[in-house]
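J.: Contents are PDB, C-alpha atoms and all ligand atoms; file name target-v9.pdb:
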```pdb
ATOM      1  CA  MET A  23      46.499 -28.773 -15.986
ATOM      2  CA  GLN A  24      44.355 -27.786 -18.934
ATOM      3  CA  SER A  25      46.373 -26.164 -21.670
ATOM      4  CA  ASN A  26      45.546 -22.891 -23.246
ATOM      5  CA  LEU A  27      41.800 -22.516 -23.601
ATOM      6  CA  THR A  28      40.613 -19.494 -25.431
ATOM      7  CA  SER A  29      37.371 -17.560 -25.506
ATOM      8  CA  SER A  30      34.785 -19.899 -24.074
ATOM      9  CA  MET A  31      35.402 -22.668 -21.607
ATOM     10  CA  GLU A  32      34.259 -26.166 -22.402
ATOM     11  CA  MET A  33      32.538 -28.446 -19.923
ATOM     12  CA  PRO A  34      35.794 -30.347 -19.147
ATOM     13  CA  VAL A  35      37.208 -27.139 -17.671
ATOM     14  CA  LYS A  36      34.365 -26.992 -15.185
ATOM     15  CA  GLU A  37      34.905 -30.651 -14.411
ATOM     16  CA  GLU A  38      38.614 -30.028 -13.962
ATOM     17  CA  PHE A  39      37.896 -27.066 -11.685
ATOM     18  CA  LEU A  40      35.469 -29.069  -9.553
ATOM     19  CA  LYS A  41      37.898 -31.988  -9.297
ATOM     20  CA  GLN A  42      41.218 -30.153  -8.901
ATOM     21  CA  GLY A  43      40.008 -26.874  -7.382
ATOM     22  CA  THR A  44      42.040 -25.034  -9.996
ATOM     23  CA  SER A  45      42.298 -24.539 -13.746
ATOM     24  CA  PHE A  46      45.007 -22.748 -15.747
ATOM     25  CA  PRO A  47      46.356 -21.264 -17.910
ATOM     26  CA  HIS A  48      43.574 -19.587 -19.864
ATOM     27  CA  ASP A  49      44.031 -16.857 -22.445
ATOM     28  CA  LEU A  50      42.072 -13.793 -21.375
ATOM     29  CA  LEU A  51      43.423 -10.506 -22.732
ATOM     30  CA  THR A  52      44.638  -9.527 -26.198
ATOM     31  CA  PRO A  53      48.247  -8.264 -26.383
ATOM     32  CA  GLU A  54      46.902  -4.693 -26.752
ATOM     33  CA  GLU A  55      44.643  -5.039 -23.708
ATOM     34  CA  THR A  56      47.475  -6.605 -21.717
ATOM     35  CA  LYS A  57      49.781  -3.686 -22.517
ATOM     36  CA  ASP A  58      47.092  -1.149 -21.680
ATOM     37  CA  PHE A  59      46.229  -2.720 -18.288
ATOM     38  CA  ARG A  60      49.907  -3.282 -17.523
ATOM     39  CA  ASP A  61      50.772   0.386 -18.265
ATOM     40  CA  LYS A  62      47.934   1.530 -16.014
ATOM     41  CA  LEU A  63      48.967  -0.797 -13.192
ATOM     42  CA  VAL A  64      52.588   0.357 -13.449
ATOM     43  CA  ALA A  65      51.489   4.023 -13.416
ATOM     44  CA  TYR A  66      49.541   3.303 -10.213
ATOM     45  CA  LEU A  67      52.546   1.516  -8.701
ATOM     46  CA  GLU A  68      54.791   4.475  -9.594
ATOM     47  CA  SER A  69      52.321   6.802  -7.865
ATOM     48  CA  VAL A  70      52.751   4.854  -4.601
ATOM     49  CA  ASN A  71      56.542   4.352  -5.095
ATOM     50  CA  TRP A  72      55.900   0.622  -5.543
ATOM     51  CA  LYS A  73      54.986   0.434  -1.856
ATOM     52  CA  LEU A  74      51.823  -1.589  -1.433
ATOM     53  CA  ASP A  75      50.247  -1.842   1.989
ATOM     54  CA  ALA A  76      47.090  -3.187   3.601
ATOM     55  CA  ILE A  77      45.076  -0.390   2.031
ATOM     56  CA  ASN A  78      46.435   0.599  -1.351
ATOM     57  CA  ARG A  79      46.533  -2.915  -2.791
ATOM     58  CA  HIS A  80      43.048  -3.898  -1.626
ATOM     59  CA  LYS A  81      39.850  -3.591  -3.649
ATOM     60  CA  PRO A  82      41.443  -1.355  -6.319
ATOM     61  CA  HIS A  83      38.475  -2.056  -8.596
ATOM     62  CA  MET A  84      36.418   0.175  -6.303
ATOM     63  CA  TYR A  85      38.298   3.356  -7.264
ATOM     64  CA  LEU A  86      40.574   2.647 -10.256
ATOM     65  CA  LYS A  87      38.386   2.602 -13.345
ATOM     66  CA  TRP A  88      40.802   0.415 -15.300
ATOM     67  CA  ALA A  89      40.818  -2.178 -12.490
ATOM     68  CA  ASN A  90      37.014  -2.121 -12.458
ATOM     69  CA  ASP A  91      37.005  -2.642 -16.244
ATOM     70  CA  LEU A  92      39.405  -5.568 -15.833
ATOM     71  CA  GLY A  93      37.344  -7.217 -13.070
ATOM     72  CA  ARG A  94      34.190  -6.907 -15.189
ATOM     73  CA  HIS A  95      35.888  -7.868 -18.475
ATOM     74  CA  PRO A  96      33.171  -9.705 -20.479
ATOM     75  CA  LYS A  97      35.452 -12.629 -21.336
ATOM     76  CA  LEU A  98      36.484 -13.016 -17.691
ATOM     77  CA  VAL A  99      32.889 -12.820 -16.465
ATOM     78  CA  ASN A 100      31.873 -15.381 -19.070
ATOM     79  CA  MET A 101      34.520 -17.795 -17.772
ATOM     80  CA  VAL A 102      33.588 -17.208 -14.125
ATOM     81  CA  LYS A 103      29.876 -17.730 -14.890
ATOM     82  CA  GLN A 104      30.678 -21.128 -16.295
ATOM     83  CA  LEU A 105      32.365 -22.069 -13.026
ATOM     84  CA  LEU A 106      30.005 -20.419 -10.515
ATOM     85  CA  GLY A 107      26.657 -20.108 -12.299
ATOM     86  CA  GLU A 108      24.693 -17.241 -13.818
ATOM     87  CA  ASP A 109      24.416 -14.878 -10.800
ATOM     88  CA  VAL A 110      27.885 -13.684  -9.786
ATOM     89  CA  LEU A 111      29.294 -11.045  -7.427
ATOM     90  CA  LEU A 112      32.774  -9.565  -7.592
ATOM     91  CA  TRP A 113      33.380  -8.926  -3.918
ATOM     92  CA  TYR A 114      37.111  -8.289  -3.577
ATOM     93  CA  SER A 115      40.355  -7.719  -5.470
ATOM     94  CA  VAL A 116      44.011  -7.524  -4.507
ATOM     95  CA  ILE A 117      47.053  -6.233  -6.391
ATOM     96  CA  PHE A 118      49.692  -8.952  -6.049
ATOM     97  CA  VAL A 119      52.939  -7.398  -7.244
ATOM     98  CA  LYS A 120      56.456  -8.532  -6.428
ATOM     99  CA  PRO A 121      59.088  -5.974  -7.418
ATOM    100  CA  ALA A 122      62.297  -7.258  -9.044
ATOM    101  CA  GLN A 123      64.498  -9.168  -6.594
ATOM    102  CA  SER A 124      62.122  -8.743  -3.674
ATOM    103  CA  LYS A 125      61.692 -11.020  -0.704
ATOM    104  CA  GLY A 126      57.890 -10.868  -0.399
ATOM    105  CA  ARG A 127      56.265 -14.299  -0.346
ATOM    106  CA  VAL A 128      52.884 -15.771   0.389
ATOM    107  CA  PRO A 129      52.859 -18.714   2.811
ATOM    108  CA  TRP A 130      50.599 -21.731   2.370
ATOM    109  CA  HIS A 131      47.009 -20.773   3.094
ATOM    110  CA  GLN A 132      43.373 -21.295   2.154
ATOM    111  CA  ASP A 133      41.423 -18.174   1.195
ATOM    112  CA  SER A 134      38.298 -19.595   2.845
ATOM    113  CA  THR A 135      39.839 -18.893   6.269
ATOM    114  CA  TYR A 136      39.665 -15.161   5.844
ATOM    115  CA  TRP A 137      36.837 -14.852   3.307
ATOM    116  CA  ALA A 138      34.582 -16.335   6.019
ATOM    117  CA  MET A 139      31.706 -17.017   3.622
ATOM    118  CA  ASN A 140      28.420 -18.610   4.582
ATOM    119  CA  LYS A 141      29.068 -21.352   2.010
ATOM    120  CA  GLU A 142      32.555 -22.417   0.985
ATOM    121  CA  VAL A 143      31.861 -21.558  -2.638
ATOM    122  CA  GLY A 144      33.845 -18.978  -4.584
ATOM    123  CA  LEU A 145      36.996 -18.512  -6.594
ATOM    124  CA  THR A 146      39.876 -16.222  -7.416
ATOM    125  CA  ALA A 147      40.704 -15.241 -10.974
ATOM    126  CA  TRP A 148      44.415 -14.350 -10.881
ATOM    127  CA  ILE A 149      45.389 -12.282 -13.929
ATOM    128  CA  ALA A 150      49.017 -12.041 -15.022
ATOM    129  CA  LEU A 151      50.134  -8.692 -16.469
ATOM    130  CA  SER A 152      53.758  -9.850 -16.813
ATOM    131  CA  ASP A 153      55.339 -13.251 -17.287
ATOM    132  CA  VAL A 154      54.740 -15.212 -14.095
ATOM    133  CA  ASN A 155      57.068 -18.136 -13.524
ATOM    134  CA  VAL A 156      59.031 -20.109 -10.959
ATOM    135  CA  GLU A 157      61.928 -17.635 -10.922
ATOM    136  CA  ASN A 158      59.792 -14.558 -10.280
ATOM    137  CA  GLY A 159      57.592 -16.103  -7.601
ATOM    138  CA  CYS A 160      54.541 -17.640  -9.260
ATOM    139  CA  MET A 161      51.850 -19.288  -7.156
ATOM    140  CA  TYR A 162      52.012 -22.982  -6.360
ATOM    141  CA  VAL A 163      48.822 -24.937  -5.776
ATOM    142  CA  VAL A 164      48.052 -28.421  -4.496
ATOM    143  CA  PRO A 165      45.426 -29.753  -6.935
ATOM    144  CA  GLY A 166      42.580 -31.511  -5.154
ATOM    145  CA  SER A 167      43.392 -29.961  -1.764
ATOM    146  CA  HIS A 168      40.092 -28.027  -1.787
ATOM    147  CA  GLU A 169      38.415 -31.309  -0.828
ATOM    148  CA  THR A 170      40.651 -32.104   2.125
ATOM    149  CA  GLY A 171      39.012 -29.850   4.716
ATOM    150  CA  GLY A 172      39.968 -26.691   6.595
ATOM    151  CA  TYR A 173      43.551 -26.450   7.828
ATOM    152  CA  ARG A 174      44.642 -24.736  11.041
ATOM    153  CA  HIS A 175      46.233 -21.362  10.197
ATOM    154  CA  GLU A 176      48.699 -19.730  12.543
ATOM    155  CA  ILE A 177      49.920 -16.136  12.502
ATOM    156  CA  ASN A 178      53.372 -15.524  11.038
ATOM    157  CA  ASN A 179      54.177 -11.843  10.970
ATOM    158  CA  SER A 180      57.619 -12.061   9.401
ATOM    159  CA  ALA A 181      58.360  -8.983   7.311
ATOM    160  CA  ASP A 182      58.339 -10.927   4.046
ATOM    161  CA  ASN A 183      54.818 -12.363   4.540
ATOM    162  CA  MET A 184      52.651 -10.522   2.000
ATOM    163  CA  LEU A 185      49.365 -11.609   3.583
ATOM    164  CA  HIS A 186      48.074  -8.746   5.680
ATOM    165  CA  ARG A 187      46.766 -11.006   8.421
ATOM    166  CA  GLY A 188      50.047 -12.947   8.386
ATOM    167  CA  GLN A 189      48.262 -16.279   8.274
ATOM    168  CA  GLN A 190      50.026 -19.502   7.282
ATOM    169  CA  ILE A 191      49.599 -23.262   7.398
ATOM    170  CA  ALA A 192      52.697 -24.845   8.896
ATOM    171  CA  ASP A 193      52.566 -28.460   7.765
ATOM    172  CA  VAL A 194      51.680 -28.792   4.079
ATOM    173  CA  ASN A 195      52.941 -31.861   2.271
ATOM    174  CA  GLU A 196      54.560 -30.147  -0.709
ATOM    175  CA  GLU A 197      55.111 -33.248  -2.825
ATOM    176  CA  SER A 198      52.113 -32.653  -5.058
ATOM    177  CA  LYS A 199      52.464 -28.902  -5.477
ATOM    178  CA  VAL A 200      52.274 -27.525  -9.032
ATOM    179  CA  PRO A 201      53.579 -24.119 -10.266
ATOM    180  CA  VAL A 202      50.982 -21.807 -11.819
ATOM    181  CA  VAL A 203      53.016 -20.471 -14.736
ATOM    182  CA  LEU A 204      51.243 -17.770 -16.753
ATOM    183  CA  LYS A 205      52.016 -15.584 -19.745
ATOM    184  CA  PRO A 206      51.017 -11.909 -19.716
ATOM    185  CA  GLY A 207      47.256 -11.649 -20.315
ATOM    186  CA  GLN A 208      46.501 -15.159 -19.035
ATOM    187  CA  VAL A 209      44.380 -16.035 -16.023
ATOM    188  CA  SER A 210      44.308 -18.879 -13.514
ATOM    189  CA  PHE A 211      41.377 -19.865 -11.318
ATOM    190  CA  HIS A 212      41.538 -21.279  -7.808
ATOM    191  CA  ASP A 213      38.793 -22.417  -5.467
ATOM    192  CA  LEU A 214      38.630 -20.548  -2.141
ATOM    193  CA  ARG A 215      39.528 -23.766  -0.267
ATOM    194  CA  LEU A 216      42.597 -24.663  -2.361
ATOM    195  CA  LEU A 217      46.035 -24.756  -0.709
ATOM    196  CA  HIS A 218      48.320 -22.227  -2.384
ATOM    197  CA  MET A 219      51.501 -20.239  -1.759
ATOM    198  CA  SER A 220      54.202 -18.318  -3.637
ATOM    199  CA  GLY A 221      57.904 -17.611  -3.141
ATOM    200  CA  PRO A 222      60.065 -14.488  -3.579
ATOM    201  CA  ASN A 223      60.858 -12.817  -6.902
ATOM    202  CA  GLN A 224      64.455 -13.728  -7.741
ATOM    203  CA  SER A 225      64.365 -12.215 -11.215
ATOM    204  CA  VAL A 226      65.355  -8.730 -12.366
ATOM    205  CA  HIS A 227      61.817  -7.901 -13.532
ATOM    206  CA  PRO A 228      58.681  -7.196 -11.496
ATOM    207  CA  ARG A 229      56.019  -9.893 -11.246
ATOM    208  CA  LEU A 230      52.700  -8.181 -11.962
ATOM    209  CA  GLY A 231      49.384  -9.751 -11.041
ATOM    210  CA  ILE A 232      45.937  -8.797  -9.882
ATOM    211  CA  ALA A 233      43.462 -11.150  -8.211
ATOM    212  CA  PHE A 234      39.676 -10.807  -8.453
ATOM    213  CA  ARG A 235      37.503 -12.703  -5.953
ATOM    214  CA  PHE A 236      34.102 -13.922  -7.151
ATOM    215  CA  ILE A 237      31.232 -15.682  -5.382
ATOM    216  CA  PRO A 238      27.820 -16.923  -6.528
ATOM    217  CA  ALA A 239      25.328 -14.143  -5.763
ATOM    218  CA  SER A 240      23.602 -16.463  -3.268
ATOM    219  CA  ASN A 241      26.693 -16.465  -1.015
ATOM    220  CA  PHE A 242      27.500 -13.882   1.677
ATOM    221  CA  PRO A 243      29.933 -13.373   4.585
ATOM    222  CA  ARG A 244      28.953 -15.350   7.666
ATOM    223  CA  THR A 245      30.566 -12.764   9.997
ATOM    224  CA  LEU A 246      28.945  -9.613  11.442
ATOM    225  CA  LYS A 247      25.993  -9.604   9.048
ATOM    226  CA  TRP A 248      24.800  -6.251  10.448
ATOM    227  CA  LEU A 249      28.037  -4.599   9.276
ATOM    228  CA  LYS A 250      27.523  -5.017   5.562
ATOM    229  CA  ARG A 251      30.402  -5.521   3.195
ATOM    230  CA  SER A 252      30.056  -4.381  -0.405
ATOM    231  CA  ALA A 253      30.198  -6.103  -3.776
ATOM    232  CA  THR A 254      29.606  -5.567  -7.497
ATOM    233  CA  LEU A 255      27.075  -7.674  -9.375
ATOM    234  CA  VAL A 256      28.886  -8.719 -12.579
ATOM    235  CA  SER A 257      26.314 -11.177 -13.962
ATOM    236  CA  GLY A 258      22.659 -12.091 -13.455
ATOM    237  CA  LYS A 259      20.634 -10.814 -10.520
ATOM    238  CA  LYS A 260      20.962 -10.013  -6.842
ATOM    239  CA  VAL A 261      19.336 -12.594  -4.621
ATOM    240  CA  HIS A 262      19.808 -11.058  -1.152
ATOM    241  CA  ASP A 263      20.761  -7.827   0.576
ATOM    242  CA  TYR A 264      23.775  -8.901   2.613
ATOM    243  CA  PHE A 265      26.050  -6.716   0.472
ATOM    244  CA  ILE A 266      25.862  -2.997  -0.283
ATOM    245  CA  ASP A 267      26.229  -2.296  -4.023
ATOM    246  CA  ASP A 268      29.646  -0.898  -4.972
ATOM    247  CA  PRO A 269      29.337   2.297  -7.020
ATOM    248  CA  MET A 270      31.096   2.119 -10.383
ATOM    249  CA  PRO A 271      34.114   4.505 -10.508
ATOM    250  CA  LYS A 272      33.616   6.947 -13.414
ATOM    251  CA  PHE A 273      37.357   7.697 -13.480
ATOM    252  CA  ASP A 274      40.398   6.802 -11.355
ATOM    253  CA  PHE A 275      40.051   8.109  -7.785
ATOM    254  CA  ASP A 276      36.449   9.220  -8.413
ATOM    255  CA  PRO A 277      35.625  10.892  -5.035
ATOM    256  CA  GLU A 278      32.288   9.110  -4.666
ATOM    257  CA  ALA A 279      33.962   5.759  -5.294
ATOM    258  CA  MET A 280      36.784   6.673  -2.873
ATOM    259  CA  LYS A 281      34.218   7.320  -0.138
ATOM    260  CA  SER A 282      32.734   3.871  -0.630
ATOM    261  CA  PHE A 283      36.207   2.343  -0.804
ATOM    262  CA  ARG A 284      37.192   3.927   2.524
ATOM    263  CA  ARG A 285      34.065   2.593   4.142
ATOM    264  CA  SER A 286      34.735  -0.796   2.640
ATOM    265  CA  ILE A 287      38.256  -1.107   4.070
ATOM    266  CA  ARG A 288      37.095   0.088   7.510
ATOM    267  CA  VAL A 289      34.448  -2.600   7.442
ATOM    268  CA  ALA A 290      36.962  -5.183   6.176
ATOM    269  CA  ALA A 291      39.277  -4.311   9.090
ATOM    270  CA  VAL A 292      36.524  -4.805  11.642
ATOM    271  CA  HIS A 293      35.536  -8.111  10.049
ATOM    272  CA  THR A 294      39.180  -9.237   9.909
ATOM    273  CA  LEU A 295      39.949  -8.428  13.518
ATOM    274  CA  PHE A 296      36.706  -9.145  15.282
ATOM    275  CA  GLY A 297      34.407 -10.866  12.851
ATOM    276  CA  ASP A 298      34.927 -14.562  13.062
ATOM    277  CA  THR A 299      32.163 -15.647  15.361
ATOM    278  CA  SER A 300      33.088 -19.283  14.787
ATOM    279  CA  ARG A 301      36.154 -18.795  17.033
ATOM    280  CA  SER A 302      35.933 -18.711  20.800
ATOM    281  CA  GLY A 303      36.632 -15.406  22.615
ATOM    282  CA  LEU A 304      40.019 -16.658  23.788
ATOM    283  CA  ARG A 305      41.082 -17.991  20.367
ATOM    284  CA  LYS A 306      39.979 -14.738  18.805
ATOM    285  CA  ALA A 307      41.981 -12.713  21.305
ATOM    286  CA  LEU A 308      45.030 -14.920  20.843
ATOM    287  CA  ASP A 309      44.819 -14.554  17.064
ATOM    288  CA  THR A 310      44.183 -10.804  17.173
ATOM    289  CA  VAL A 311      46.914  -9.737  19.602
ATOM    290  CA  PRO A 312      49.877 -10.746  17.383
ATOM    291  CA  ILE A 313      48.338  -8.759  14.525
ATOM    292  CA  LEU A 314      47.843  -5.664  16.689
ATOM    293  CA  ILE A 315      51.354  -5.666  18.136
ATOM    294  CA  SER A 316      53.135  -6.568  14.903
ATOM    295  CA  ARG A 317      54.635  -4.315  12.281
ATOM    296  CA  LYS A 318      51.358  -4.783  10.433
ATOM    297  CA  SER A 319      49.602  -2.795  13.124
ATOM    298  CA  ALA A 320      50.769   0.385  11.354
ATOM    299  CA  ASP A 321      48.581  -0.648   8.447
ATOM    300  CA  TYR A 322      45.698  -1.328  10.790
ATOM    301  CA  PHE A 323      46.079   2.097  12.407
ATOM    302  CA  LYS A 324      45.700   3.545   8.944
ATOM    303  CA  TYR A 325      42.352   1.755   8.800
ATOM    304  CA  TRP A 326      41.304   3.412  12.044
ATOM    305  CA  LYS A 327      42.557   6.787  10.840
ATOM    306  CA  ASN A 328      40.314   6.387   7.817
ATOM    307  CA  LEU A 329      37.385   6.019  10.199
ATOM    308  CA  ALA A 330      37.555   9.755  10.785
ATOM    309  CA  GLU A 331      37.456  10.705   7.126
TER
HETATM  310  O1  LIG B   1      49.990 -13.607  -5.822
HETATM  311  C1  LIG B   1      50.396 -14.474  -5.057
HETATM  312  O2  LIG B   1      51.576 -14.810  -5.056
HETATM  313  C2  LIG B   1      49.452 -15.156  -4.121
HETATM  314  C3  LIG B   1      48.018 -14.885  -4.439
HETATM  315  C4  LIG B   1      47.057 -15.428  -3.455
HETATM  316  O3  LIG B   1      47.398 -15.909  -2.413
HETATM  317  C5  LIG B   1      45.629 -15.351  -3.778
HETATM  318  O4  LIG B   1      45.256 -14.807  -4.818
HETATM  319  O5  LIG B   1      44.815 -15.859  -2.986
END
```
How would this structure read if it were set down as structure tokens?
Ligand SMILES: O=C(O)CCC(=O)C(=O)O

T.:
Amino acid sequence: MQSNLTSSMEMPVKEEFLKQGTSFPHDLLTPEETKDFRDKLVAYLESVNWKLDAINRHKPHMYLKWANDLGRHPKLVNMVKQLLGEDVLLWYSVIFVKPAQSKGRVPWHQDSTYWAMNKEVGLTAWIALSDVNVENGCMYVVPGSHETGGYRHEINNSADNMLHRGQQIADVNEESKVPVVLKPGQVSFHDLRLLHMSGPNQSVHPRLGIAFRFIPASNFPRTLKWLKRSATLVSGKKVHDYFIDDPMPKFDFDPEAMKSFRRSIRVAAVHTLFGDTSRSGLRKALDTVPILISRKSADYFKYWKNLAE
């Protein structure tokens, strides 16, 4: 992989990203910024007793001002623009934290399966706010796998699966997997079609990361177009109306932003459970039932509860 690029990305990085579907590590934050964002993330984690669920780790940039600042960080946006073009939407984010000596893991998957975008174009910028290495459960990627087509995902609802839909690909040839080792303040990029996974944290320190999902502004979800999802324009101009504009949180837990966030997760739940029109009714039912009757259903009921608020 490309070693340590700094402020602006050269053409070879774009070439590498197009060819490998991934590029890392890249220096993003100064040590001061890293400490500041890390302290704020840890304060948030303390406030939820380090218990992240299908709601409180999703789209934090919608209601935590610091997370919004991080997702719109000028240096980050500049890097993403070079990979996706001038007009860019930030449409999702996820806090990916593994407490010290925790079993949580992420099975092999392709993000494209659950992003369900009209075009398979988009990327994740995964920002490390602690050291991220093999011992504490860094991601592994299979470079080039973004060009090998869509894999069949099955549902695996084991308690240690950190993916809220429990999806996994069973038969990945792991020979060419590469660990995505990052220092605090660095970022990695992966294409939405790239095969990736991560193991448990076997170290005595938490692994702290936050993922921001970006798409070119021309892209949009192919599912349930009438039930609009929301996104933040971070560069250039809007080119369609398939997304509602996210309001910018003025401070953490800004009530107006919270209202939009609650709507956004309700909509995400409906899209997740019922949205994929590319699947037949029977396949959809077969995929949905294990989610509904699993331990994860408690999280989904919280989505429904939010419907009333
Ligand atoms: O943080 C991890 O270990 C996995 C992240 C991931 O699957 C993603 O960002 O798509």

J.: Enumerate as an NGL selection string the residues within 8 Å of ligand LIG 1 (chain B), counting all atoms listed in the file.

T.: :A and (116-119 or 127-128 or 131-133 or 146-148 or 159-161 or 185 or 212 or 214 or 218-221 or 231-234)

J.: Using all atoms listed in the file, which protein or nucleic acid residues come within 7 Å of Ala138 of chain A? Drop anything in the same chain fewer than 5 positions from it, and give the result as a list in words.

T.: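 Listed by chain and then number, they are Pro243, Arg244 and Thr245 of chain A.
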
J.: Find, counting all atoms listed in the file, the residue in A:Ala181, A:Leu112, A:Val64, A:Leu51 that gets nearest to Gln208 of chain A.

T.: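 Under the stated criterion, the closest residue is A:Leu51.
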
J.: When the PyMOL selection byres (((chain A and resi 173) around 8) and not hetatm) is applied to the structure above, which residues does it catch, written out as a VMD selection string?

T.: chain A and resid 132 171 to 172 174 to 175 191

J.: Could you please give me, as a short mmCIF file (atom, residue, chain, number, x, y, z; two decimals) with C-alpha atoms, in the coordinates of the input, the residues of protein, DNA or RNA lying at most 9 Å from (51.3, -18.0, -18.6) in the coordinate frame of the file, considering only C-alpha atoms?

T.:
```cif
data_model
loop_
_atom_site.label_atom_id
_atom_site.label_comp_id
_atom_site.auth_asym_id
_atom_site.auth_seq_id
_atom_site.Cartn_x
_atom_site.Cartn_y
_atom_site.Cartn_z
CA ASN A 26 45.55 -22.89 -23.25
CA PHE A 46 45.01 -22.75 -15.75
CA PRO A 47 46.36 -21.26 -17.91
CA HIS A 48 43.57 -19.59 -19.86
CA ASP A 49 44.03 -16.86 -22.44
CA ALA A 150 49.02 -12.04 -15.02
CA SER A 152 53.76 -9.85 -16.81
CA ASP A 153 55.34 -13.25 -17.29
CA VAL A 154 54.74 -15.21 -14.10
CA ASN A 155 57.07 -18.14 -13.52
CA VAL A 202 50.98 -21.81 -11.82
CA VAL A 203 53.02 -20.47 -14.74
CA LEU A 204 51.24 -17.77 -16.75
CA LYS A 205 52.02 -15.58 -19.74
CA PRO A 206 51.02 -11.91 -19.72
CA GLY A 207 47.26 -11.65 -20.32
CA GLN A 208 46.50 -15.16 -19.04
CA VAL A 209 44.38 -16.04 -16.02
CA SER A 210 44.31 -18.88 -13.51
#
```

J.: Counting only C-alpha atoms, which residues come within 8 Å of (46.0, 5.9, -9.2), with the point read in the file's coordinates, and could you list them as JSON, numbers by chain?

T.: {"A": [65, 66, 67, 69, 86, 274, 275]}

J.: For Asn140 of chain A, which residue among A:Phe273, A:Trp248, A:Phe242, A:Trp88 is the nearest when counting all atoms listed in the file?

T.: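 Looking at the shortest contact to Asn140 of chain A, the residue is A:Phe242.
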
J.: Evaluate the PyMOL selection byres (((chain A and resi 283-287) around 8) and not hetatm) against this structure - the residues, as an MDAnalysis selection string, please.

T.: chainID A and resid 77 80:81 84:85 251:252 279:282 288:291 325 328:329

J.: Point out the residue among A:Trp113, A:Ile177, A:Tyr162, A:Phe265 with the least atom-to-atom distance to Gln190 of chain A, counting only C-alpha atoms.

T.: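 Nearest candidate to Gln190 of chain A out of A:Trp113, A:Ile177, A:Tyr162, A:Phe265: A:Ile177.
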
J.: Between atom CA of Leu63 of chain A and atom CA of Leu151 of chain A, what is the distance in Å, rounded to a tenth?

T.: 8.6 Å

J.: What is the distance, in Å and to one decimal place, between atom CA of Arg215 of chain A and atom CA of Thr170 of chain A?

T.: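 Computed distance, atom CA of Arg215 of chain A to atom CA of Thr170 of chain A, equals 8.7 Å.
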
J.: When you write segment 68-81 of chain A out from the block above, keep N, CA and C atoms and present the result as a JSON list (two decimals), in the first residue's frame, please.

T.:
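Contents of part16.json, as written:
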```
[["chain", "number", "residue", "atom", "x", "y", "z"],
["A", 68, "GLU", "N", -18.24, 7.18, 27.21],
["A", 68, "GLU", "CA", -18.51, 7.11, 28.66],
["A", 68, "GLU", "C", -20.00, 7.37, 28.91],
["A", 69, "SER", "N", -20.57, 8.32, 28.16],
["A", 69, "SER", "CA", -21.97, 8.69, 28.41],
["A", 69, "SER", "C", -22.93, 7.55, 28.06],
["A", 70, "VAL", "N", -22.49, 6.60, 27.24],
["A", 70, "VAL", "CA", -23.35, 5.45, 26.92],
["A", 70, "VAL", "C", -22.77, 4.16, 27.52],
["A", 71, "ASN", "N", -21.92, 4.34, 28.55],
["A", 71, "ASN", "CA", -21.26, 3.19, 29.23],
["A", 71, "ASN", "C", -20.56, 2.25, 28.25],
["A", 72, "TRP", "N", -20.02, 2.81, 27.20],
["A", 72, "TRP", "CA", -19.28, 2.04, 26.18],
["A", 72, "TRP", "C", -20.17, 0.98, 25.53],
["A", 73, "LYS", "N", -21.48, 1.19, 25.59],
["A", 73, "LYS", "CA", -22.39, 0.22, 24.96],
["A", 73, "LYS", "C", -22.96, 0.85, 23.69],
["A", 74, "LEU", "N", -22.45, 0.38, 22.57],
["A", 74, "LEU", "CA", -22.92, 0.92, 21.29],
["A", 74, "LEU", "C", -23.92, -0.05, 20.69],
["A", 75, "ASP", "N", -25.01, 0.51, 20.17],
["A", 75, "ASP", "CA", -26.04, -0.36, 19.60],
["A", 75, "ASP", "C", -26.38, 0.13, 18.19],
["A", 76, "ALA", "N", -27.49, -0.40, 17.66],
["A", 76, "ALA", "CA", -27.82, -0.08, 16.27],
["A", 76, "ALA", "C", -28.26, 1.37, 16.10],
["A", 77, "ILE", "N", -28.42, 2.09, 17.20],
["A", 77, "ILE", "CA", -28.79, 3.49, 17.07],
["A", 77, "ILE", "C", -27.63, 4.41, 17.43],
["A", 78, "ASN", "N", -27.06, 4.21, 18.63],
["A", 78, "ASN", "CA", -26.15, 5.24, 19.12],
["A", 78, "ASN", "C", -24.76, 5.22, 18.48],
["A", 79, "ARG", "N", -24.50, 4.26, 17.58],
["A", 79, "ARG", "CA", -23.23, 4.37, 16.86],
["A", 79, "ARG", "C", -23.42, 4.79, 15.41],
["A", 80, "HIS", "N", -24.70, 4.97, 15.01],
["A", 80, "HIS", "CA", -24.97, 5.30, 13.61],
["A", 80, "HIS", "C", -25.17, 6.80, 13.39],
["A", 81, "LYS", "N", -24.65, 7.28, 12.31],
["A", 81, "LYS", "CA", -24.78, 8.67, 11.87],
["A", 81, "LYS", "C", -24.53, 9.69, 12.99]]
```
